[in-house]
>>> print(open('query32.txt').read())   # compact mmCIF, C-alpha atoms
# COMPACT_ATOMS: atom_id res chain seq x y z
CA MET Y 1 276.78 199.43 80.81
CA ASP Y 2 273.06 199.61 81.43
CA GLU Y 3 270.85 196.69 82.45
CA ARG Y 4 269.62 196.04 78.92
CA GLU Y 5 273.17 195.71 77.60
CA LYS Y 6 274.16 193.51 80.55
CA TRP Y 7 271.40 191.00 79.82
CA MET Y 8 271.89 191.18 76.05
CA ARG Y 9 275.56 190.30 76.59
CA ALA Y 10 274.37 187.19 78.45
CA ALA Y 11 272.15 186.36 75.45
CA LEU Y 12 275.16 186.90 73.16
CA ARG Y 13 277.13 184.35 75.19
CA GLU Y 14 274.34 181.88 74.49
CA ALA Y 15 274.40 182.80 70.80
CA ARG Y 16 278.13 182.10 70.67
CA LYS Y 17 277.48 178.66 72.16
CA ALA Y 18 275.05 178.01 69.33
CA ALA Y 19 277.65 179.09 66.75
CA SER Y 20 280.24 176.79 68.30
CA ARG Y 21 277.80 173.90 67.78
CA ASP Y 22 277.13 174.89 64.15
CA GLU Y 23 273.69 176.25 64.98
CA VAL Y 24 272.35 179.62 63.81
CA PRO Y 25 273.78 181.89 66.53
CA VAL Y 26 270.73 183.10 68.42
CA GLY Y 27 270.75 183.26 72.20
CA CYS Y 28 268.12 184.14 74.77
CA VAL Y 29 267.92 184.82 78.50
CA ILE Y 30 264.84 185.40 80.62
CA VAL Y 31 265.34 187.70 83.59
CA ARG Y 32 263.17 188.09 86.65
CA GLU Y 33 263.86 190.35 89.61
CA GLY Y 34 267.39 191.11 88.41
CA LYS Y 35 268.45 187.47 87.98
CA ILE Y 36 268.63 185.13 85.02
CA LEU Y 37 265.77 182.67 85.34
CA SER Y 38 266.65 180.70 82.22
CA ARG Y 39 268.99 180.76 79.25
CA ALA Y 40 269.07 178.94 75.94
CA HIS Y 41 270.41 179.02 72.41
CA ASN Y 42 269.20 177.59 69.11
CA ARG Y 43 269.36 173.78 68.97
CA ARG Y 44 267.45 172.94 65.79
CA GLU Y 45 270.31 171.06 64.14
CA GLU Y 46 271.16 169.12 67.29
CA THR Y 47 267.58 168.13 68.03
CA GLN Y 48 266.27 168.10 64.44
CA MET Y 49 263.22 169.93 65.79
CA ALA Y 50 261.87 172.97 63.98
CA THR Y 51 260.71 174.41 67.30
CA ALA Y 52 264.11 174.35 69.05
CA HIS Y 53 264.53 178.13 68.86
CA ALA Y 54 266.34 179.90 71.67
CA GLU Y 55 263.23 181.75 72.84
CA LEU Y 56 261.04 178.64 73.02
CA LEU Y 57 263.69 176.67 74.90
CA ALA Y 58 264.22 179.54 77.36
CA ILE Y 59 260.46 179.93 77.86
CA GLN Y 60 260.10 176.19 78.54
CA LYS Y 61 262.89 176.28 81.13
CA ALA Y 62 261.49 179.40 82.83
CA CYS Y 63 257.97 177.92 83.01
CA LYS Y 64 259.33 174.73 84.51
CA LYS Y 65 261.38 176.67 87.07
CA LEU Y 66 258.41 178.82 88.10
CA GLY Y 67 255.88 175.99 87.92
CA SER Y 68 253.65 178.17 85.78
CA TRP Y 69 253.02 178.89 82.11
CA ARG Y 70 252.64 182.58 82.96
CA LEU Y 71 255.89 184.55 82.80
CA GLU Y 72 254.42 187.84 84.01
CA GLY Y 73 257.10 190.09 85.43
CA CYS Y 74 259.79 188.46 83.28
CA ASP Y 75 261.94 190.15 80.67
CA LEU Y 76 263.11 188.21 77.63
CA TYR Y 77 266.37 189.20 75.91
CA VAL Y 78 267.14 187.66 72.52
CA THR Y 79 269.85 188.45 70.01
CA LEU Y 80 267.53 188.39 66.96
CA GLU Y 81 264.03 189.78 66.48
CA PRO Y 82 261.55 186.97 67.24
CA CYS Y 83 260.01 184.98 64.39
CA PRO Y 84 256.21 184.42 64.18
CA MET Y 85 256.38 181.21 66.22
CA CYS Y 86 258.47 182.76 69.00
CA ALA Y 87 256.49 186.02 69.04
CA GLY Y 88 253.33 183.94 69.52
CA ALA Y 89 254.90 181.95 72.35
CA ILE Y 90 256.05 185.17 74.03
CA VAL Y 91 252.50 186.54 73.90
CA ASN Y 92 251.00 183.26 75.12
CA ALA Y 93 253.48 183.04 78.01
CA ARG Y 94 252.55 186.58 79.10
CA VAL Y 95 256.20 187.75 79.07
CA GLY Y 96 256.32 191.29 80.45
CA SER Y 97 258.97 192.85 78.20
CA VAL Y 98 260.98 191.77 75.17
CA PHE Y 99 264.38 193.19 74.22
CA PHE Y 100 266.10 192.10 71.03
CA GLY Y 101 269.34 192.86 69.27
CA ALA Y 102 269.33 192.55 65.48
CA PHE Y 103 266.26 193.19 63.35
CA ASP Y 104 265.27 190.28 61.07
CA PRO Y 105 264.24 191.46 57.59
CA LYS Y 106 263.17 187.94 56.55
CA GLY Y 107 261.32 186.71 59.62
CA GLY Y 108 260.96 189.40 62.29
CA TYR Y 109 257.54 189.53 63.87
CA ALA Y 110 258.10 192.20 66.50
CA VAL Y 111 258.35 195.14 64.11
CA THR Y 112 259.83 194.21 60.74
CA LEU Y 113 257.22 192.04 58.97
CA HIS Y 114 254.43 192.26 61.53
CA ARG Y 115 253.98 194.19 64.77
CA THR Y 116 252.81 191.23 66.86
CA PHE Y 117 253.47 192.88 70.20
CA GLU Y 118 251.21 195.80 69.25
CA ASP Y 119 248.38 193.71 67.79
CA SER Y 120 245.21 194.79 69.59
CA ALA Y 121 243.48 191.53 68.60
CA LEU Y 122 245.77 189.64 70.99
CA ASN Y 123 245.02 189.33 74.68
CA HIS Y 124 248.55 190.27 75.80
CA ARG Y 125 250.94 192.88 74.48
CA PRO Y 126 254.42 192.88 76.02
CA ALA Y 127 256.52 196.01 76.06
CA PHE Y 128 259.41 195.71 73.63
CA GLU Y 129 262.53 197.38 72.32
CA GLY Y 130 264.81 196.38 69.46
CA GLY Y 131 268.32 197.34 68.45
CA ILE Y 132 270.10 196.60 71.73
CA LEU Y 133 273.73 195.82 70.83
CA GLU Y 134 272.34 195.53 67.30
CA GLU Y 135 275.70 195.68 65.52
CA GLU Y 136 277.30 192.98 67.69
CA CYS Y 137 274.27 190.70 67.44
CA GLY Y 138 274.00 191.24 63.69
CA GLU Y 139 277.70 190.69 63.03
CA LEU Y 140 277.62 187.34 64.81
CA LEU Y 141 274.84 186.21 62.45
CA ARG Y 142 276.50 187.69 59.35
CA ALA Y 143 279.81 185.96 60.18
CA TYR Y 144 278.04 182.63 60.65
CA PHE Y 145 276.26 182.83 57.30
CA ARG Y 146 279.41 184.10 55.52
CA GLU Y 147 281.22 181.00 56.75
CA LYS Y 148 278.34 178.75 55.66
CA ARG Y 149 278.46 180.25 52.14
CA ARG Y 150 282.25 179.87 52.06
CA GLN Y 151 281.97 176.19 53.02
CA LYS Y 152 279.31 175.58 50.38
CA THR Y 153 281.48 177.23 47.70
CA LYS Y 154 284.47 175.15 48.80
CA GLU Y 155 282.40 171.93 48.63
CA ARG Y 156 281.23 172.76 45.09
CA SER Y 157 284.79 173.33 43.90
CA VAL Y 158 286.02 169.94 45.15
>>> encode(input="query32.txt", output="structure tokens")
Amino acid sequence: MDEREKWMRAALREARKAASRDEVPVGCVIVREGKILSRAHNRREETQMATAHAELLAIQKACKKLGSWRLEGCDLYVTLEPCPMCAGAIVNARVGSVFFGAFDPKGGYAVTLHRTFEDSALNHRPAFEGGILEEECGELLRAYFREKRRQKTKERSV
């Protein structure tokens, strides 16, 4: 297993925690110098905050740990392609590299709907790569939403 898969598996563990709490299963870890600096998973339902995405929570923890808003030299691993809000935070935090699992056809702002990390108008452009453990990351999300649809159908039939 290469380094990218190792860290994405750590992000997947976070995503599974989110699923176990009935949150959309997205997990994130931030790695610096071969060690996990911070980890987080989606907590929007728990906190009732629109901004409680895994990436933002992990960035907040990493900044606090480093005592700096700059995360230069850090790698961010997330199980789903970042949304516009998270892509913007990644750029603003000066994250060095971004690795994501599943592509997001409805909200992905790394490559799918917009190529944020390649936008020359921005003052920082992290390196990035998508599709790491893509099938595993994607299946976790598909299973979660299948179950949500099943529950909704069951509720309607009662």
>>> atom_distance(input="query32.txt", atom1="atom CA of Gly131 of chain Y", atom2="atom CA of Arg94 of chain Y")
21.9 Å
>>> residues_around(input="query32.txt", residues="Leu141 of chain Y", least_positions_apart="4", cutoff="9 Å", atoms="all atoms listed in the file", output="PyMOL selection string")
chain Y and resi 19+24-26+80+102+136-137+145-146
>>> residues_around(input="query32.txt", residues="Val111 of chain Y", least_positions_apart="2", cutoff="12 Å", atoms="all atoms listed in the file", output="JSON list (two decimals) with C-alpha atoms, keeping the file's coordinate frame")
[["chain", "number", "residue", "atom", "x", "y", "z"],
["Y", 80, "LEU", "CA", 267.53, 188.39, 66.96],
["Y", 81, "GLU", "CA", 264.03, 189.78, 66.48],
["Y", 82, "PRO", "CA", 261.55, 186.97, 67.24],
["Y", 83, "CYS", "CA", 260.01, 184.98, 64.39],
["Y", 84, "PRO", "CA", 256.21, 184.42, 64.18],
["Y", 87, "ALA", "CA", 256.49, 186.02, 69.04],
["Y", 98, "VAL", "CA", 260.98, 191.77, 75.17],
["Y", 99, "PHE", "CA", 264.38, 193.19, 74.22],
["Y", 100, "PHE", "CA", 266.10, 192.10, 71.03],
["Y", 102, "ALA", "CA", 269.33, 192.55, 65.48],
["Y", 103, "PHE", "CA", 266.26, 193.19, 63.35],
["Y", 104, "ASP", "CA", 265.27, 190.28, 61.07],
["Y", 105, "PRO", "CA", 264.24, 191.46, 57.59],
["Y", 106, "LYS", "CA", 263.17, 187.94, 56.55],
["Y", 107, "GLY", "CA", 261.32, 186.71, 59.62],
["Y", 108, "GLY", "CA", 260.96, 189.40, 62.29],
["Y", 109, "TYR", "CA", 257.54, 189.53, 63.87],
["Y", 113, "LEU", "CA", 257.22, 192.04, 58.97],
["Y", 114, "HIS", "CA", 254.43, 192.26, 61.53],
["Y", 115, "ARG", "CA", 253.98, 194.19, 64.77],
["Y", 116, "THR", "CA", 252.81, 191.23, 66.86],
["Y", 117, "PHE", "CA", 253.47, 192.88, 70.20],
["Y", 118, "GLU", "CA", 251.21, 195.80, 69.25],
["Y", 119, "ASP", "CA", 248.38, 193.71, 67.79],
["Y", 128, "PHE", "CA", 259.41, 195.71, 73.63],
["Y", 129, "GLU", "CA", 262.53, 197.38, 72.32],
["Y", 130, "GLY", "CA", 264.81, 196.38, 69.46],
["Y", 131, "GLY", "CA", 268.32, 197.34, 68.45]]
>>> atom_distance(input="query32.txt", atom1="atom CA of Lys35 of chain Y", atom2="atom CA of Trp7 of chain Y")
9.4 Å
>>> axis_aligned_box(input="query32.txt", around="segment 65-83 of chain Y", padding_each_side="4 Å", output="AutoDock Vina command-line options")
--center_x 261.2 --center_y 183.1 --center_z 76.2 --size_x 25.2 --size_y 22.2 --size_z 31.7
>>> atom_distance(input="query32.txt", atom1="atom CA of Val31 of chain Y", atom2="atom CA of Leu66 of chain Y")
12.1 Å
>>> residues_near_point(input="query32.txt", point="(266.8, 185.2, 84.5)", cutoff="10 Å", atoms="all atoms listed in the file", output="number ranges by chain")
Y: 7, 10, 28-39, 58, 62, 74-77
>>> residues_around(input="query32.txt", residues="Val95 of chain Y", least_positions_apart="6", cutoff="10 Å", atoms="all atoms listed in the file", output="JSON, numbers by chain")
{"Y": [30, 59, 69, 70, 71, 72, 73, 74, 75, 76, 89, 124, 125, 126, 127]}
>>> closest_residue(input="query32.txt", among="Y:Cys86, Y:Arg16, Y:Cys63, Y:Gly96", to="Ala143 of chain Y", atoms="only C-alpha atoms")
Y:Arg16
>>> closest_residue(input="query32.txt", among="Y:Ser97, Y:Lys65, Y:Glu46, Y:Ile132", to="Lys6 of chain Y", atoms="only C-alpha atoms")
Y:Ile132
>>> build_atoms(input="query32.txt", residues="segment 127-145 of chain Y", atoms="N, CA, C and O atoms", output="PDB file, in the frame of the given file")
ATOM      1  N   ALA Y 127     255.694 194.868  76.452  1.00  0.00           N
ATOM      2  CA  ALA Y 127     256.520 196.010  76.060  1.00  0.00           C
ATOM      3  C   ALA Y 127     257.696 195.446  75.281  1.00  0.00           C
ATOM      4  O   ALA Y 127     258.072 194.279  75.468  1.00  0.00           O
ATOM      5  N   PHE Y 128     258.276 196.239  74.390  1.00  0.00           N
ATOM      6  CA  PHE Y 128     259.410 195.710  73.630  1.00  0.00           C
ATOM      7  C   PHE Y 128     260.313 196.835  73.151  1.00  0.00           C
ATOM      8  O   PHE Y 128     259.901 197.991  73.049  1.00  0.00           O
ATOM      9  N   GLU Y 129     261.554 196.453  72.872  1.00  0.00           N
ATOM     10  CA  GLU Y 129     262.530 197.380  72.320  1.00  0.00           C
ATOM     11  C   GLU Y 129     263.538 196.571  71.506  1.00  0.00           C
ATOM     12  O   GLU Y 129     264.026 195.536  71.957  1.00  0.00           O
ATOM     13  N   GLY Y 130     263.828 197.034  70.317  1.00  0.00           N
ATOM     14  CA  GLY Y 130     264.810 196.380  69.460  1.00  0.00           C
ATOM     15  C   GLY Y 130     266.052 197.225  69.294  1.00  0.00           C
ATOM     16  O   GLY Y 130     266.077 198.405  69.651  1.00  0.00           O
ATOM     17  N   GLY Y 131     267.084 196.615  68.743  1.00  0.00           N
ATOM     18  CA  GLY Y 131     268.320 197.340  68.450  1.00  0.00           C
ATOM     19  C   GLY Y 131     269.317 197.405  69.579  1.00  0.00           C
ATOM     20  O   GLY Y 131     270.272 198.176  69.511  1.00  0.00           O
ATOM     21  N   ILE Y 132     269.147 196.597  70.609  1.00  0.00           N
ATOM     22  CA  ILE Y 132     270.100 196.600  71.730  1.00  0.00           C
ATOM     23  C   ILE Y 132     271.317 195.785  71.323  1.00  0.00           C
ATOM     24  O   ILE Y 132     271.193 194.613  70.973  1.00  0.00           O
ATOM     25  N   LEU Y 133     272.479 196.419  71.327  1.00  0.00           N
ATOM     26  CA  LEU Y 133     273.730 195.820  70.830  1.00  0.00           C
ATOM     27  C   LEU Y 133     273.506 195.246  69.431  1.00  0.00           C
ATOM     28  O   LEU Y 133     274.019 194.185  69.082  1.00  0.00           O
ATOM     29  N   GLU Y 134     272.752 195.983  68.634  1.00  0.00           N
ATOM     30  CA  GLU Y 134     272.340 195.530  67.300  1.00  0.00           C
ATOM     31  C   GLU Y 134     273.523 195.140  66.421  1.00  0.00           C
ATOM     32  O   GLU Y 134     273.489 194.092  65.767  1.00  0.00           O
ATOM     33  N   GLU Y 135     274.563 195.953  66.398  1.00  0.00           N
ATOM     34  CA  GLU Y 135     275.700 195.680  65.520  1.00  0.00           C
ATOM     35  C   GLU Y 135     276.402 194.377  65.920  1.00  0.00           C
ATOM     36  O   GLU Y 135     276.712 193.541  65.074  1.00  0.00           O
ATOM     37  N   GLU Y 136     276.628 194.194  67.204  1.00  0.00           N
ATOM     38  CA  GLU Y 136     277.300 192.980  67.690  1.00  0.00           C
ATOM     39  C   GLU Y 136     276.460 191.736  67.418  1.00  0.00           C
ATOM     40  O   GLU Y 136     276.968 190.707  66.963  1.00  0.00           O
ATOM     41  N   CYS Y 137     275.167 191.832  67.687  1.00  0.00           N
ATOM     42  CA  CYS Y 137     274.270 190.700  67.440  1.00  0.00           C
ATOM     43  C   CYS Y 137     274.205 190.385  65.946  1.00  0.00           C
ATOM     44  O   CYS Y 137     274.273 189.219  65.542  1.00  0.00           O
ATOM     45  N   GLY Y 138     274.087 191.423  65.133  1.00  0.00           N
ATOM     46  CA  GLY Y 138     274.000 191.240  63.690  1.00  0.00           C
ATOM     47  C   GLY Y 138     275.282 190.682  63.098  1.00  0.00           C
ATOM     48  O   GLY Y 138     275.242 189.815  62.217  1.00  0.00           O
ATOM     49  N   GLU Y 139     276.420 191.164  63.577  1.00  0.00           N
ATOM     50  CA  GLU Y 139     277.700 190.690  63.030  1.00  0.00           C
ATOM     51  C   GLU Y 139     277.919 189.211  63.327  1.00  0.00           C
ATOM     52  O   GLU Y 139     278.468 188.491  62.503  1.00  0.00           O
ATOM     53  N   LEU Y 140     277.492 188.757  64.485  1.00  0.00           N
ATOM     54  CA  LEU Y 140     277.620 187.340  64.810  1.00  0.00           C
ATOM     55  C   LEU Y 140     276.836 186.487  63.792  1.00  0.00           C
ATOM     56  O   LEU Y 140     277.335 185.473  63.296  1.00  0.00           O
ATOM     57  N   LEU Y 141     275.645 186.926  63.449  1.00  0.00           N
ATOM     58  CA  LEU Y 141     274.840 186.210  62.450  1.00  0.00           C
ATOM     59  C   LEU Y 141     275.450 186.315  61.064  1.00  0.00           C
ATOM     60  O   LEU Y 141     275.539 185.317  60.347  1.00  0.00           O
ATOM     61  N   ARG Y 142     275.892 187.520  60.677  1.00  0.00           N
ATOM     62  CA  ARG Y 142     276.500 187.690  59.350  1.00  0.00           C
ATOM     63  C   ARG Y 142     277.744 186.825  59.198  1.00  0.00           C
ATOM     64  O   ARG Y 142     277.946 186.185  58.156  1.00  0.00           O
ATOM     65  N   ALA Y 143     278.579 186.772  60.225  1.00  0.00           N
ATOM     66  CA  ALA Y 143     279.810 185.960  60.180  1.00  0.00           C
ATOM     67  C   ALA Y 143     279.463 184.480  60.029  1.00  0.00           C
ATOM     68  O   ALA Y 143     280.110 183.758  59.267  1.00  0.00           O
ATOM     69  N   TYR Y 144     278.462 184.033  60.740  1.00  0.00           N
ATOM     70  CA  TYR Y 144     278.040 182.630  60.650  1.00  0.00           C
ATOM     71  C   TYR Y 144     277.609 182.286  59.222  1.00  0.00           C
ATOM     72  O   TYR Y 144     278.048 181.285  58.650  1.00  0.00           O
ATOM     73  N   PHE Y 145     276.761 183.124  58.640  1.00  0.00           N
ATOM     74  CA  PHE Y 145     276.260 182.830  57.300  1.00  0.00           C
ATOM     75  C   PHE Y 145     277.336 183.031  56.230  1.00  0.00           C
ATOM     76  O   PHE Y 145     277.346 182.305  55.229  1.00  0.00           O
TER      77      PHE Y 145
END
